[in-house]
>>> print(open('final_35.cif').read())   # mmCIF, C-alpha atoms
data_data
#
loop_
_atom_site.group_PDB
_atom_site.id
_atom_site.type_symbol
_atom_site.label_atom_id
_atom_site.label_comp_id
_atom_site.auth_asym_id
_atom_site.auth_seq_id
_atom_site.Cartn_x
_atom_site.Cartn_y
_atom_site.Cartn_z
ATOM 1 C CA GLY A 1 45.043 71.110 157.872
ATOM 2 C CA ALA A 2 44.815 69.421 154.465
ATOM 3 C CA GLY A 3 43.091 66.383 155.974
ATOM 4 C CA GLY A 4 40.481 68.549 157.685
ATOM 5 C CA ARG A 5 39.890 70.475 154.470
ATOM 6 C CA ARG A 6 39.416 67.229 152.503
ATOM 7 C CA GLU A 7 37.035 65.911 155.172
ATOM 8 C CA GLY A 8 34.966 69.100 154.935
ATOM 9 C CA GLN A 9 34.851 68.941 151.128
ATOM 10 C CA THR A 10 33.825 65.261 151.245
ATOM 11 C CA GLY A 11 31.090 66.024 153.773
ATOM 12 C CA LEU A 12 29.769 68.911 151.680
ATOM 13 C CA SER A 13 29.791 66.795 148.496
ATOM 14 C CA ALA A 14 27.886 64.020 150.275
ATOM 15 C CA ALA A 15 25.350 66.534 151.592
ATOM 16 C CA VAL A 16 24.801 68.110 148.159
ATOM 17 C CA ALA A 17 24.395 64.678 146.533
ATOM 18 C CA ALA A 18 21.929 63.548 149.224
ATOM 19 C CA VAL A 19 19.846 66.732 148.907
ATOM 20 C CA ALA A 20 19.804 66.459 145.086
ATOM 21 C CA PHE A 21 18.684 62.816 145.364
ATOM 22 C CA TRP A 22 15.990 63.811 147.888
ATOM 23 C CA TYR A 23 14.666 66.688 145.797
ATOM 24 C CA THR A 24 14.587 64.597 142.610
ATOM 25 C CA THR A 25 12.736 61.653 144.158
ATOM 26 C CA ASN A 26 10.319 63.981 145.959
ATOM 27 C CA ILE A 27 9.371 65.930 142.825
ATOM 28 C CA CYS A 28 8.912 62.717 140.824
ATOM 29 C CA LEU A 29 6.810 61.292 143.675
ATOM 30 C CA LEU A 30 4.700 64.462 143.611
ATOM 31 C CA LEU A 31 4.036 63.983 139.890
ATOM 32 C CA THR A 32 3.026 60.320 140.284
ATOM 33 C CA ASN A 33 0.843 61.138 143.306
ATOM 34 C CA ARG A 34 -0.966 63.689 141.145
ATOM 35 C CA ALA A 35 -1.392 61.062 138.403
ATOM 36 C CA LEU A 36 -2.906 58.603 140.892
ATOM 37 C CA LEU A 37 -5.313 61.269 142.130
ATOM 38 C CA MET A 38 -6.350 61.953 138.535
ATOM 39 C CA ALA A 39 -7.086 58.208 138.259
ATOM 40 C CA SER A 40 -9.544 58.660 141.186
ATOM 41 C CA PHE A 41 -7.357 56.693 143.604
ATOM 42 C CA ARG A 42 -7.764 58.686 146.826
ATOM 43 C CA LYS A 43 -6.807 56.289 149.623
ATOM 44 C CA PRO A 44 -4.034 57.995 151.642
ATOM 45 C CA ALA A 45 -3.757 55.444 154.476
ATOM 46 C CA PHE A 46 -3.639 52.466 152.085
ATOM 47 C CA LEU A 47 -1.118 54.215 149.839
ATOM 48 C CA THR A 48 1.021 54.954 152.919
ATOM 49 C CA LEU A 49 0.855 51.254 153.831
ATOM 50 C CA LEU A 50 2.010 50.292 150.324
ATOM 51 C CA HIS A 51 4.831 52.844 150.578
ATOM 52 C CA MET A 52 6.020 51.333 153.877
ATOM 53 C CA LEU A 53 5.836 47.729 152.607
ATOM 54 C CA THR A 54 7.702 48.610 149.409
ATOM 55 C CA THR A 55 10.335 50.549 151.370
ATOM 56 C CA CYS A 56 10.877 47.622 153.729
ATOM 57 C CA ALA A 57 11.157 45.143 150.825
ATOM 58 C CA MET A 58 13.605 47.318 148.860
ATOM 59 C CA MET A 59 15.837 48.027 151.878
ATOM 60 C CA ASN A 60 16.001 44.304 152.683
ATOM 61 C CA LEU A 61 16.902 43.662 149.036
ATOM 62 C CA PHE A 62 19.707 46.231 149.252
ATOM 63 C CA VAL A 63 21.011 44.844 152.554
ATOM 64 C CA TYR A 64 20.662 41.064 152.210
ATOM 65 C CA VAL A 65 20.776 40.419 148.442
ATOM 66 C CA LEU A 66 22.835 43.247 146.932
ATOM 67 C CA ARG A 67 24.950 43.590 150.108
ATOM 68 C CA LEU A 68 25.181 47.376 149.800
ATOM 69 C CA THR A 69 25.702 47.559 153.561
ATOM 70 C CA GLU A 70 26.072 45.124 156.445
ATOM 71 C CA PRO A 71 22.829 44.093 158.189
ATOM 72 C CA GLU A 72 22.485 45.536 161.688
ATOM 73 C CA PRO A 73 20.217 43.926 164.311
ATOM 74 C CA ILE A 74 18.378 45.799 167.043
ATOM 75 C CA LYS A 75 20.843 45.836 169.931
ATOM 76 C CA SER A 76 18.748 46.768 172.957
ATOM 77 C CA ARG A 77 15.254 47.477 174.246
ATOM 78 C CA ARG A 78 16.154 51.154 174.462
ATOM 79 C CA GLN A 79 17.094 51.200 170.783
ATOM 80 C CA LEU A 80 13.922 49.276 169.904
ATOM 81 C CA PHE A 81 11.826 51.815 171.800
ATOM 82 C CA LYS A 82 13.370 54.698 169.843
ATOM 83 C CA ILE A 83 12.779 52.908 166.523
ATOM 84 C CA LEU A 84 9.151 52.311 167.530
ATOM 85 C CA VAL A 85 8.749 56.011 168.346
ATOM 86 C CA LEU A 86 10.237 56.874 164.945
ATOM 87 C CA SER A 87 7.897 54.395 163.222
ATOM 88 C CA PHE A 88 4.893 55.730 165.110
ATOM 89 C CA THR A 89 5.626 59.305 164.019
ATOM 90 C CA PHE A 90 6.317 58.361 160.393
ATOM 91 C CA GLY A 91 3.079 56.832 159.088
ATOM 92 C CA PRO A 92 0.639 58.735 161.325
ATOM 93 C CA SER A 93 2.213 62.099 160.441
ATOM 94 C CA ILE A 94 1.239 61.510 156.813
ATOM 95 C CA VAL A 95 -2.239 60.211 157.618
ATOM 96 C CA LEU A 96 -2.919 63.053 160.079
ATOM 97 C CA GLY A 97 -1.882 65.663 157.521
ATOM 98 C CA VAL A 98 -4.082 64.191 154.797
ATOM 99 C CA SER A 99 -7.026 63.697 157.193
ATOM 100 C CA SER A 100 -6.863 67.357 158.236
ATOM 101 C CA LEU A 101 -7.671 68.318 154.626
ATOM 102 C CA LYS A 102 -11.201 67.014 155.164
ATOM 103 C CA PHE A 103 -11.813 69.959 157.519
ATOM 104 C CA ILE A 104 -9.445 72.767 156.474
ATOM 105 C CA PRO A 105 -8.238 74.083 153.081
ATOM 106 C CA VAL A 106 -4.870 73.098 151.648
ATOM 107 C CA ASN A 107 -3.389 76.583 152.138
ATOM 108 C CA LEU A 108 -4.028 76.520 155.896
ATOM 109 C CA GLU A 109 -2.630 72.989 156.194
ATOM 110 C CA GLU A 110 0.523 74.070 154.324
ATOM 111 C CA ALA A 111 0.886 77.136 156.536
ATOM 112 C CA ILE A 112 0.778 74.942 159.646
ATOM 113 C CA ALA A 113 3.125 72.362 158.094
ATOM 114 C CA SER A 114 5.637 75.113 157.289
ATOM 115 C CA THR A 115 6.325 75.455 161.023
ATOM 116 C CA THR A 116 7.918 71.982 161.117
ATOM 117 C CA PRO A 117 11.440 73.485 161.511
ATOM 118 C CA LEU A 118 10.237 75.181 164.697
ATOM 119 C CA ALA A 119 8.794 71.892 165.980
ATOM 120 C CA THR A 120 12.102 70.206 165.130
ATOM 121 C CA ALA A 121 14.070 72.847 167.042
ATOM 122 C CA LEU A 122 11.770 72.314 170.034
ATOM 123 C CA PHE A 123 12.276 68.534 170.076
ATOM 124 C CA LEU A 124 16.024 68.941 169.537
ATOM 125 C CA TYR A 125 16.134 71.041 172.697
ATOM 126 C CA LEU A 126 13.849 68.730 174.713
ATOM 127 C CA LEU A 127 15.555 65.461 173.707
ATOM 128 C CA THR A 128 19.194 66.478 173.207
ATOM 129 C CA GLY A 129 19.531 69.863 174.926
ATOM 130 C CA LYS A 130 20.757 71.329 171.635
ATOM 131 C CA VAL A 131 20.450 75.136 171.398
ATOM 132 C CA GLU A 132 21.198 76.806 168.058
ATOM 133 C CA SER A 133 22.623 80.285 167.492
ATOM 134 C CA THR A 134 20.295 83.288 167.460
ATOM 135 C CA SER A 135 21.149 83.989 163.809
ATOM 136 C CA LYS A 136 20.131 80.465 162.801
ATOM 137 C CA TYR A 137 16.797 80.750 164.618
ATOM 138 C CA ALA A 138 16.173 84.172 163.043
ATOM 139 C CA SER A 139 16.815 82.929 159.497
ATOM 140 C CA MET A 140 14.627 79.879 160.174
ATOM 141 C CA VAL A 141 11.718 82.143 161.199
ATOM 142 C CA VAL A 142 12.063 83.984 157.868
ATOM 143 C CA VAL A 143 11.868 80.634 156.011
ATOM 144 C CA VAL A 144 8.740 79.612 157.927
ATOM 145 C CA ALA A 145 7.098 83.038 157.538
ATOM 146 C CA GLY A 146 7.611 82.975 153.766
ATOM 147 C CA ILE A 147 5.833 79.627 153.322
ATOM 148 C CA ALA A 148 3.070 80.794 155.666
ATOM 149 C CA VAL A 149 2.532 83.896 153.500
ATOM 150 C CA ALA A 150 2.600 81.832 150.294
ATOM 151 C CA SER A 151 -0.034 79.480 151.703
ATOM 152 C CA GLN A 152 -2.491 82.161 152.742
ATOM 153 C CA GLY A 153 -5.781 82.754 150.997
ATOM 154 C CA GLU A 154 -8.944 82.747 153.037
ATOM 155 C CA PRO A 155 -8.313 79.906 155.508
ATOM 156 C CA ALA A 156 -11.457 78.514 157.117
ATOM 157 C CA TRP A 157 -10.827 77.715 160.786
ATOM 158 C CA HIS A 158 -11.914 74.276 162.003
ATOM 159 C CA THR A 159 -10.741 73.176 165.439
ATOM 160 C CA LEU A 160 -10.458 69.448 164.633
ATOM 161 C CA GLY A 161 -8.784 70.079 161.272
ATOM 162 C CA VAL A 162 -6.262 72.501 162.765
ATOM 163 C CA SER A 163 -5.581 70.081 165.645
ATOM 164 C CA LEU A 164 -4.867 67.237 163.200
ATOM 165 C CA ALA A 165 -2.534 69.472 161.174
ATOM 166 C CA VAL A 166 -0.661 70.574 164.330
ATOM 167 C CA LEU A 167 -0.283 66.943 165.482
ATOM 168 C CA SER A 168 1.041 66.044 162.015
ATOM 169 C CA THR A 169 3.591 68.877 162.211
ATOM 170 C CA LEU A 170 4.744 67.837 165.685
ATOM 171 C CA SER A 171 5.044 64.221 164.468
ATOM 172 C CA ARG A 172 7.277 65.279 161.573
ATOM 173 C CA GLY A 173 9.497 67.316 163.892
ATOM 174 C CA LEU A 174 9.844 64.419 166.350
ATOM 175 C CA LYS A 175 10.473 61.975 163.481
ATOM 176 C CA SER A 176 13.332 64.077 162.150
ATOM 177 C CA VAL A 177 14.968 64.339 165.582
ATOM 178 C CA MET A 178 14.612 60.589 166.242
ATOM 179 C CA GLN A 179 16.222 59.888 162.853
ATOM 180 C CA GLN A 180 19.187 62.057 163.805
ATOM 181 C CA ILE A 181 19.574 60.432 167.235
ATOM 182 C CA LEU A 182 19.428 56.897 165.830
ATOM 183 C CA MET A 183 22.053 57.685 163.172
ATOM 184 C CA SER A 184 24.476 59.611 165.404
ATOM 185 C CA ASN A 185 24.357 58.120 168.913
ATOM 186 C CA ASP A 186 27.447 55.912 169.269
ATOM 187 C CA GLU A 187 25.673 53.309 171.418
ATOM 188 C CA GLU A 188 22.545 52.997 169.256
ATOM 189 C CA LYS A 189 23.750 54.116 165.830
ATOM 190 C CA LEU A 190 22.283 52.442 162.739
ATOM 191 C CA LYS A 191 23.242 53.040 159.118
ATOM 192 C CA PRO A 192 20.494 54.712 157.040
ATOM 193 C CA MET A 193 19.442 51.606 155.069
ATOM 194 C CA ASN A 194 19.132 49.499 158.206
ATOM 195 C CA LEU A 195 17.238 52.186 160.083
ATOM 196 C CA VAL A 196 14.843 52.687 157.152
ATOM 197 C CA ARG A 197 14.096 48.951 156.859
ATOM 198 C CA TRP A 198 13.339 48.603 160.581
ATOM 199 C CA MET A 199 11.288 51.796 160.614
ATOM 200 C CA ALA A 200 9.274 50.816 157.534
ATOM 201 C CA LEU A 201 8.472 47.361 158.961
ATOM 202 C CA PHE A 202 7.073 48.696 162.233
ATOM 203 C CA ALA A 203 5.344 51.634 160.523
ATOM 204 C CA ALA A 204 3.537 49.251 158.153
ATOM 205 C CA ILE A 205 2.256 47.232 161.123
ATOM 206 C CA MET A 206 1.041 50.430 162.824
ATOM 207 C CA VAL A 207 -0.703 51.747 159.693
ATOM 208 C CA LEU A 208 -2.639 48.490 159.100
ATOM 209 C CA PRO A 209 -5.505 49.286 161.533
ATOM 210 C CA VAL A 210 -5.547 52.896 160.297
ATOM 211 C CA VAL A 211 -6.423 51.651 156.788
ATOM 212 C CA SER A 212 -9.519 49.938 158.178
ATOM 213 C CA LEU A 213 -10.599 53.078 160.036
ATOM 214 C CA VAL A 214 -9.773 55.730 157.429
ATOM 215 C CA ASP A 215 -10.135 54.008 154.049
ATOM 216 C CA GLY A 216 -11.979 50.719 154.619
ATOM 217 C CA TRP A 217 -10.627 47.561 152.980
ATOM 218 C CA GLY A 218 -13.748 46.895 150.902
ATOM 219 C CA ASP A 219 -13.690 50.391 149.427
ATOM 220 C CA VAL A 220 -9.932 50.148 148.847
ATOM 221 C CA PHE A 221 -10.227 47.010 146.698
ATOM 222 C CA ALA A 222 -13.233 48.425 144.846
ATOM 223 C CA ARG A 223 -11.302 51.614 144.022
ATOM 224 C CA LEU A 224 -8.275 49.561 142.927
ATOM 225 C CA ARG A 225 -10.409 47.551 140.499
ATOM 226 C CA ALA A 226 -12.125 50.665 139.158
ATOM 227 C CA ALA A 227 -8.857 52.541 138.715
ATOM 228 C CA ARG A 228 -7.214 49.586 136.972
ATOM 229 C CA GLU A 229 -10.131 49.113 134.584
ATOM 230 C CA GLY A 230 -10.420 52.828 133.850
ATOM 231 C CA ASP A 231 -6.729 53.390 133.100
ATOM 232 C CA SER A 232 -4.527 50.762 131.485
ATOM 233 C CA GLY A 233 -1.399 52.511 132.815
ATOM 234 C CA PHE A 234 -2.601 52.607 136.430
ATOM 235 C CA VAL A 235 -0.655 49.548 137.624
ATOM 236 C CA LYS A 236 2.541 50.835 136.014
ATOM 237 C CA MET A 237 2.071 54.300 137.540
ATOM 238 C CA LEU A 238 1.357 52.806 140.985
ATOM 239 C CA SER A 239 4.495 50.634 140.749
ATOM 240 C CA ILE A 240 6.644 53.649 139.830
ATOM 241 C CA ASN A 241 5.061 55.621 142.686
ATOM 242 C CA LEU A 242 5.911 52.906 145.236
ATOM 243 C CA CYS A 243 9.542 52.675 144.086
ATOM 244 C CA LEU A 244 9.886 56.462 144.239
ATOM 245 C CA ALA A 245 8.427 56.499 147.761
ATOM 246 C CA ALA A 246 11.021 53.974 148.919
ATOM 247 C CA ALA A 247 13.819 55.992 147.296
ATOM 248 C CA GLN A 248 12.530 59.218 148.851
ATOM 249 C CA ASN A 249 12.332 57.659 152.327
ATOM 250 C CA LEU A 250 15.966 56.556 152.053
ATOM 251 C CA ALA A 251 16.971 59.970 150.667
ATOM 252 C CA ASN A 252 15.306 61.731 153.608
ATOM 253 C CA PHE A 253 17.323 59.657 156.087
ATOM 254 C CA LEU A 254 20.540 60.305 154.144
ATOM 255 C CA VAL A 255 19.914 64.071 154.206
ATOM 256 C CA THR A 256 19.243 63.959 157.956
ATOM 257 C CA LYS A 257 22.488 62.055 158.489
ATOM 258 C CA CYS A 258 24.473 64.550 156.398
ATOM 259 C CA VAL A 259 23.075 67.871 157.606
ATOM 260 C CA GLY A 260 21.063 67.171 160.764
ATOM 261 C CA ALA A 261 17.359 67.258 161.612
ATOM 262 C CA LEU A 262 16.873 71.037 161.718
ATOM 263 C CA THR A 263 18.634 71.823 158.438
ATOM 264 C CA CYS A 264 16.749 68.940 156.813
ATOM 265 C CA GLN A 265 13.427 70.556 157.715
ATOM 266 C CA VAL A 266 14.563 73.973 156.460
ATOM 267 C CA LEU A 267 15.560 72.308 153.182
ATOM 268 C CA GLY A 268 12.113 70.711 153.173
ATOM 269 C CA ASN A 269 10.555 74.183 152.987
ATOM 270 C CA ALA A 270 12.941 74.995 150.132
ATOM 271 C CA LYS A 271 11.615 71.885 148.457
ATOM 272 C CA ASN A 272 8.128 73.434 148.572
ATOM 273 C CA ILE A 273 9.366 76.242 146.334
ATOM 274 C CA LEU A 274 10.766 73.754 143.829
ATOM 275 C CA GLY A 275 7.530 71.765 143.972
ATOM 276 C CA ALA A 276 5.505 74.883 143.228
ATOM 277 C CA ALA A 277 7.735 75.684 140.253
ATOM 278 C CA VAL A 278 7.374 72.162 138.854
ATOM 279 C CA SER A 279 3.611 72.344 139.356
ATOM 280 C CA VAL A 280 3.503 75.537 137.271
ATOM 281 C CA VAL A 281 5.521 73.959 134.453
ATOM 282 C CA VAL A 282 3.872 70.516 134.370
ATOM 283 C CA PHE A 283 0.297 71.204 135.469
ATOM 284 C CA SER A 284 0.010 74.894 134.452
ATOM 285 C CA THR A 285 -0.830 75.825 138.042
ATOM 286 C CA THR A 286 -1.446 79.533 138.585
ATOM 287 C CA LEU A 287 0.615 81.280 141.266
ATOM 288 C CA THR A 288 -0.905 84.348 142.926
ATOM 289 C CA ALA A 289 1.093 87.456 143.756
ATOM 290 C CA THR A 290 0.848 86.490 147.440
ATOM 291 C CA SER A 291 2.356 83.072 146.708
ATOM 292 C CA VAL A 292 5.222 84.606 144.737
ATOM 293 C CA LEU A 293 5.892 87.051 147.590
ATOM 294 C CA GLY A 294 5.858 84.261 150.167
ATOM 295 C CA TYR A 295 8.194 82.011 148.187
ATOM 296 C CA SER A 296 10.528 84.966 147.664
ATOM 297 C CA ILE A 297 10.654 85.577 151.417
ATOM 298 C CA THR A 298 11.392 81.877 151.976
ATOM 299 C CA ALA A 299 14.186 81.985 149.397
ATOM 300 C CA VAL A 300 15.765 84.928 151.246
ATOM 301 C CA GLY A 301 15.465 83.032 154.531
ATOM 302 C CA ILE A 302 17.144 79.945 153.041
ATOM 303 C CA ILE A 303 20.006 82.068 151.710
ATOM 304 C CA LEU A 304 20.435 83.602 155.178
ATOM 305 C CA TYR A 305 20.310 80.147 156.784
ATOM 306 C CA CYS A 306 22.972 78.812 154.391
ATOM 307 C CA GLY A 307 25.078 81.896 155.128
ATOM 308 C CA VAL A 308 24.905 81.078 158.845
ATOM 309 C CA LEU A 309 25.954 77.480 158.135
ATOM 310 C CA TYR A 310 28.879 78.737 156.064
ATOM 311 C CA GLN A 311 30.039 81.104 158.797
ATOM 312 C CA GLN A 312 29.780 78.345 161.400
ATOM 313 C CA GLY A 313 31.698 75.970 159.168
ATOM 314 C CA LYS A 314 34.590 78.365 158.497
ATOM 315 C CA PRO A 315 37.926 77.592 160.205
ATOM 316 C CA LYS A 316 38.275 79.147 163.632
ATOM 317 C CA GLN A 317 41.082 81.589 164.427
ATOM 318 C CA THR A 318 42.807 78.805 166.354
ATOM 319 C CA GLY A 319 43.486 77.085 163.061
ATOM 320 C CA VAL A 320 41.196 74.100 163.716
ATOM 321 C CA LYS A 321 39.486 73.039 160.505
ATOM 322 C CA GLN A 322 35.785 72.175 160.754
ATOM 323 C CA PRO A 323 33.662 70.579 158.027
ATOM 324 C CA LEU A 324 30.781 72.682 156.768
ATOM 325 C CA LEU A 325 28.056 70.064 156.800
ATOM 326 C CA GLY A 326 29.849 66.767 157.175
ATOM 327 C CA LYS A 327 28.938 65.861 160.726
ATOM 328 C CA GLY A 328 25.436 67.277 160.867
ATOM 329 C CA GLU A 329 23.938 68.780 163.960
ATOM 330 C CA PRO A 330 24.732 66.914 167.143
#
>>> encode(input="final_35.cif", output="structure tokens")
Amino acid sequence: GAGGRREGQTGLSAAVAAVAFWYTTNICLLLTNRALLMASFRKPAFLTLLHMLTTCAMMNLFVYVLRLTEPEPIKSRRQLFKILVLSFTFGPSIVLGVSSLKFIPVNLEEAIASTTPLATALFLYLLTGKVESTSKYASMVVVVAGIAVASQGEPAWHTLGVSLAVLSTLSRGLKSVMQQILMSNDEEKLKPMNLVRWMALFAAIMVLPVVSLVDGWGDVFARLRAAREGDSGFVKMLSINLCLAAAQNLANFLVTKCVGALTCQVLGNAKNILGAAVSVVVFSTTLTATSVLGYSITAVGIILYCGVLYQQGKPKQTGVKQPLLGKGEP
């Protein structure tokens, strides 16, 4: 009894710490991304490539130099295939989302992206056979609906733009599920740092040709020179941005390991509320009444979702103690 209670408290503490780390790095990354955009550096594919290379370098530093965890090799072709799928969904999901903004407004893209928890639930069922409780699905719909309401203005429909945004959302859902599988399957399990370093390496290789197609290497180097000459703090800001991206990537994997793929995506929508609040404080962004209503609905949905998690984590009548969030979602 006491051991089970301690295990549950340890799992909950780890989950809270991971989520706090994730939220902090994400908000700071948002601020530096905005600073780079203000410096006229708008090269999403190239920036994604730099994020992947920096993440790979930092994880290898943590594993091989600082020895924060033992290095883990790829054990089988099956495991390699799953890592490649994860890598393929990681970089392209970002590039697809940004590319969709060329055809549709931000509010419509955000509304589509808010359905990522639903995409995650779908892939969890297809790949693991996992079916959640009706109450969890219901609360998740409230979370998604709130962000959808907050994102609405006058969305202009564009078939290609909407298709790119949907593909990006499906990629994020699949990525989250693959992360969970690769950190929980006994035969193919990898610790977060090792999984991130392998994923980042393969993702960087996959994004390389995308940079040529989307950004163009000549234009990339020209923009880099112009940004550096126009702003003496550009190099420092870019360096901070890359380090934050690596930290956020690791934090995302840690959150998935602690709470599972589906809860991670629900928390991602909660992160949108925090991001909006920070944007108001730092950039004096104006929130409409519709946005406030939508974020309020999402907040209610998150509270309901957490209530479901609490009820599921309570000790059963048989006396068996179960951790609240410690083992994640199978």
>>> resolve_selection(input="final_35.cif", expression="the PyMOL selection byres ((chain A and resi 142) around 8)", output="NGL selection string")
:A and (138-141 or 143-146 or 297-298 or 300-301)
>>> atom_distance(input="final_35.cif", atom1="atom CA of Ser133 of chain A", atom2="atom CA of Ala270 of chain A")
20.6 Å
>>> atom_distance(input="final_35.cif", atom1="atom CA of Asn60 of chain A", atom2="atom CA of Ser171 of chain A")
25.6 Å
>>> resolve_selection(input="final_35.cif", expression="the PyMOL selection byres ((chain A and resi 200) around 10)", output="number ranges by chain")
A: 49, 51-57, 59, 83, 86-87, 90-91, 194-199, 201-206, 246, 249
>>> closest_atom_pairs(input="final_35.cif", of="segment 177-293 of chain A", to="segment 65-79 of chain A", cutoff="9 Å", atoms="only C-alpha atoms", output="CSV")
residue,atom,partner,partner_atom,distance
A:Leu182,CA,A:Gln79,CA,7.9
A:Glu187,CA,A:Gln79,CA,8.9
A:Glu188,CA,A:Gln79,CA,5.9
A:Lys189,CA,A:Gln79,CA,8.8
A:Leu190,CA,A:Glu72,CA,7.0
A:Lys191,CA,A:Glu72,CA,8.0
A:Met193,CA,A:Thr69,CA,7.6
A:Asn194,CA,A:Glu72,CA,6.3
A:Leu195,CA,A:Glu72,CA,8.6
A:Trp198,CA,A:Ile74,CA,8.7
>>> atom_distance(input="final_35.cif", atom1="atom CA of Tyr295 of chain A", atom2="atom CA of Ala113 of chain A")
14.7 Å
